[in-house]
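Participant: Would you mind keeping the following structure in view while I ask a few things?
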Amino acid sequence: MRLEYFQLIDRIETMDAQGGTIVCRATIPTESTVFEGHFPGHPLMPGVLLLECMAQTGGHMILARNNYDKMAFLAQADRAKFRSFIVPGDVLDVHSKLTHEGSGYAVCEARILKDGKTVADAEIRYRVLPFPSPELREKMLEFVRSVGHTGVA
Amino acid sequence: MSDTFDAIADIIAETCNIERDTITPESHSIDDLGIDSLDFLDVTFAIDKKFGIKMPVEAWMKEVNEGRASTEDYFIMANLAAKIDELRAAKA
């Protein structure tokens, strides 16, 4: 996880793009400037970044379903719950499951597990749009290759 | 008024916090009711779920952007209800 670059997952563990499921691994860094402010003397992973972590996980699956021709943009989060404190060094498994695919949008149920226990969950909606620039598409493909999705040439 | 119109008017009223009585078959969902793109995404999701369809909003917008249709064709409430009925019939 590279918090400062907004890369909230480390690798794709399993993905069934057609079936609409994905699991990613995310390890909270032991040090980050984020923790200097959140909070001084009591470092906690911000809930908003856990939400982003869930959004990125589902986003990778949506990209794969669309053959990396479309980008998934976070549009809405419902029923987001942060059930436990997440601290530097925690190792998380982030699950996302597609529950609806509409025209130009998609909906996923996501949850984060730590040691097998759900620590956060949310329903996340995405706008699914053609990549607005070739540079963004190439950067996304670069990142996807780096996190272990072998289906990307 | 059709059952479909009533159903989508109820969805819009609840989703977008609009007085149900102000939504008529002649209302333009964007110009008159002021539904923004995020609320419209919500409305689309609710309609898709309720009727078990996939409203082809991308294809509709493509037609509008290419000048082959007007927004009124799809976003006047009565027309939207008719399009949804067509999608339901095609699915049956």
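Order determines the names: the first chain of the structure tokens is A, the second B, and so forth; residues in each chain are numbered 1 upward, and ligands are numbered 1 upward as they are shown.
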Could you please tell me, as a list of chain:residue names, which residues of chain A have an atom within 9 Å of chain B when using only C-alpha atoms?
Facilitator: A:Ala75, A:Gln76, A:His100, A:Glu101, A:Gly102, A:Ser103, A:Gly104, A:Tyr105, A:Ala106, A:Val107, A:Arg127
Participant: So which residues touch Asp31 of chain B within 10 Å, counting only C-alpha atoms, skipping near sequence neighbours fewer than 5 positions away, as an MDAnalysis selection string?
Facilitator: chainID B and resid 36 71:72 75:76
Participant: If you keep N, CA and C atoms, can you produce a file of those selected residues as a compact mmCIF listing (two decimals), in the first residue's frame?
Facilitator:
```txt
# COMPACT_ATOMS: atom_id res chain seq x y z
N ASP B 36 -30.07 15.57 -11.05
CA ASP B 36 -28.68 15.65 -11.51
C ASP B 36 -28.17 14.24 -11.84
N THR B 71 -33.43 14.79 -26.01
CA THR B 71 -33.56 14.35 -24.61
C THR B 71 -35.03 14.10 -24.27
N GLU B 72 -35.93 14.85 -24.96
CA GLU B 72 -37.36 14.66 -24.69
C GLU B 72 -37.80 13.23 -25.02
N PHE B 75 -36.43 11.42 -21.77
CA PHE B 75 -36.47 11.92 -20.40
C PHE B 75 -37.76 12.65 -20.03
N ILE B 76 -38.68 12.83 -20.98
CA ILE B 76 -40.03 13.21 -20.59
C ILE B 76 -40.64 11.98 -19.91
```
Participant: Distance atom CA of Pro46 of chain A-atom CA of Thr14 of chain A, one decimal place?
Facilitator: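 Atom-to-atom, atom CA of Pro46 of chain A and atom CA of Thr14 of chain A are spaced 25.5 Å apart.
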Participant: Calculated over only C-alpha atoms, which of the candidates A:Ile86, A:Cys108, A:Ala77, A:Ala72 has the smallest distance to Leu136 of chain A?
Facilitator: A:Ala72
Participant: So which bits of chain A end up strand (DSSP E) when you DSSP the backbone, as a PyMOL selection string?
Facilitator: chain A and resi 11-16+21-27+70-82+91-102+105-114+117-130
Participant: Would you write out those residues with C-alpha atoms, as a PDB file, in the first residue's frame?
Facilitator:
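Contents of selection.pdb, freshly written:
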```
ATOM      1  CA  ARG A  11      -1.982  -7.226  -4.976  1.00  0.00           C
ATOM      2  CA  ILE A  12      -4.910  -9.051  -6.489  1.00  0.00           C
ATOM      3  CA  GLU A  13      -5.170 -12.419  -4.740  1.00  0.00           C
ATOM      4  CA  THR A  14      -8.046 -13.882  -6.731  1.00  0.00           C
ATOM      5  CA  MET A  15     -10.366 -12.497  -9.344  1.00  0.00           C
ATOM      6  CA  ASP A  16     -13.253 -13.953 -11.308  1.00  0.00           C
ATOM      7  CA  THR A  21     -15.757 -11.351  -7.527  1.00  0.00           C
ATOM      8  CA  ILE A  22     -12.318 -10.219  -6.413  1.00  0.00           C
ATOM      9  CA  VAL A  23     -10.112 -10.426  -3.337  1.00  0.00           C
ATOM     10  CA  CYS A  24      -7.165  -8.098  -2.828  1.00  0.00           C
ATOM     11  CA  ARG A  25      -4.466  -7.958  -0.182  1.00  0.00           C
ATOM     12  CA  ALA A  26      -3.695  -4.657   1.477  1.00  0.00           C
ATOM     13  CA  THR A  27      -1.068  -4.128   4.147  1.00  0.00           C
ATOM     14  CA  LYS A  70     -13.467   1.561 -19.377  1.00  0.00           C
ATOM     15  CA  MET A  71     -12.577   3.150 -16.068  1.00  0.00           C
ATOM     16  CA  ALA A  72     -14.588   2.791 -12.867  1.00  0.00           C
ATOM     17  CA  PHE A  73     -15.060   6.053 -10.972  1.00  0.00           C
ATOM     18  CA  LEU A  74     -16.342   6.102  -7.409  1.00  0.00           C
ATOM     19  CA  ALA A  75     -19.820   7.650  -7.484  1.00  0.00           C
ATOM     20  CA  GLN A  76     -21.525   6.728  -4.254  1.00  0.00           C
ATOM     21  CA  ALA A  77     -20.994   4.819  -1.034  1.00  0.00           C
ATOM     22  CA  ASP A  78     -23.901   3.552   1.020  1.00  0.00           C
ATOM     23  CA  ARG A  79     -24.071   1.915   4.402  1.00  0.00           C
ATOM     24  CA  ALA A  80     -20.337   2.263   5.018  1.00  0.00           C
ATOM     25  CA  LYS A  81     -19.383   0.814   8.385  1.00  0.00           C
ATOM     26  CA  PHE A  82     -16.011   0.852  10.059  1.00  0.00           C
ATOM     27  CA  VAL A  91      -2.886  -7.025   6.924  1.00  0.00           C
ATOM     28  CA  LEU A  92      -6.284  -6.841   5.255  1.00  0.00           C
ATOM     29  CA  ASP A  93      -8.174  -8.986   2.773  1.00  0.00           C
ATOM     30  CA  VAL A  94     -10.512  -6.850   0.735  1.00  0.00           C
ATOM     31  CA  HIS A  95     -13.449  -8.577  -0.920  1.00  0.00           C
ATOM     32  CA  SER A  96     -15.803  -7.121  -3.482  1.00  0.00           C
ATOM     33  CA  LYS A  97     -18.722  -8.680  -5.279  1.00  0.00           C
ATOM     34  CA  LEU A  98     -20.638  -7.204  -8.193  1.00  0.00           C
ATOM     35  CA  THR A  99     -24.331  -7.039  -7.320  1.00  0.00           C
ATOM     36  CA  HIS A 100     -25.621  -5.081 -10.297  1.00  0.00           C
ATOM     37  CA  GLU A 101     -24.239  -3.972 -13.634  1.00  0.00           C
ATOM     38  CA  GLY A 102     -26.209  -1.257 -15.364  1.00  0.00           C
ATOM     39  CA  TYR A 105     -22.643   2.118 -13.853  1.00  0.00           C
ATOM     40  CA  ALA A 106     -21.996  -0.803 -11.536  1.00  0.00           C
ATOM     41  CA  VAL A 107     -22.739  -1.668  -7.913  1.00  0.00           C
ATOM     42  CA  CYS A 108     -20.600  -3.771  -5.588  1.00  0.00           C
ATOM     43  CA  GLU A 109     -20.871  -5.064  -2.053  1.00  0.00           C
ATOM     44  CA  ALA A 110     -17.462  -4.782  -0.433  1.00  0.00           C
ATOM     45  CA  ARG A 111     -15.976  -5.814   2.856  1.00  0.00           C
ATOM     46  CA  ILE A 112     -12.601  -5.816   4.535  1.00  0.00           C
ATOM     47  CA  LEU A 113     -11.484  -8.722   6.667  1.00  0.00           C
ATOM     48  CA  LYS A 114      -8.699  -8.784   9.227  1.00  0.00           C
ATOM     49  CA  LYS A 117     -13.230 -10.978  10.790  1.00  0.00           C
ATOM     50  CA  THR A 118     -15.132  -8.236   8.969  1.00  0.00           C
ATOM     51  CA  VAL A 119     -13.758  -4.850   9.990  1.00  0.00           C
ATOM     52  CA  ALA A 120     -15.461  -2.669   7.372  1.00  0.00           C
ATOM     53  CA  ASP A 121     -18.141  -2.992   4.707  1.00  0.00           C
ATOM     54  CA  ALA A 122     -20.070  -0.830   2.277  1.00  0.00           C
ATOM     55  CA  GLU A 123     -22.146  -0.791  -0.865  1.00  0.00           C
ATOM     56  CA  ILE A 124     -20.206   1.048  -3.536  1.00  0.00           C
ATOM     57  CA  ARG A 125     -21.459   2.427  -6.827  1.00  0.00           C
ATOM     58  CA  TYR A 126     -19.304   3.344  -9.768  1.00  0.00           C
ATOM     59  CA  ARG A 127     -19.747   5.273 -12.947  1.00  0.00           C
ATOM     60  CA  VAL A 128     -18.215   3.157 -15.682  1.00  0.00           C
ATOM     61  CA  LEU A 129     -16.964   5.355 -18.498  1.00  0.00           C
ATOM     62  CA  PRO A 130     -14.520   5.143 -21.384  1.00  0.00           C
TER      63      PRO A 130
END
```
Participant: Please identify all polymer residues within 9 Å of Leu49 of chain A, counting only C-alpha atoms, omitting same-chain residues fewer than 6 positions from it, and present them as a list in words.
Facilitator: Leu3, Phe6 and Leu8 of chain A
Participant: Could you give me, as a list in words, the residues within 10 Å of Asp73 of chain B, counting only C-alpha atoms and dropping anything in the same chain fewer than 4 positions from it?
Facilitator: His28, Trp60, Val64, Ala69, Met77, Ala78, Asn79, Leu80, Ala82 and Lys83 of chain B
Participant: From the options A:His38, A:Arg65, A:Lys139, A:His60, which residue's atoms come nearest to Ala17 of chain A, counting only C-alpha atoms?
Facilitator: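 Smallest distance to Ala17 of chain A is found for A:Arg65.
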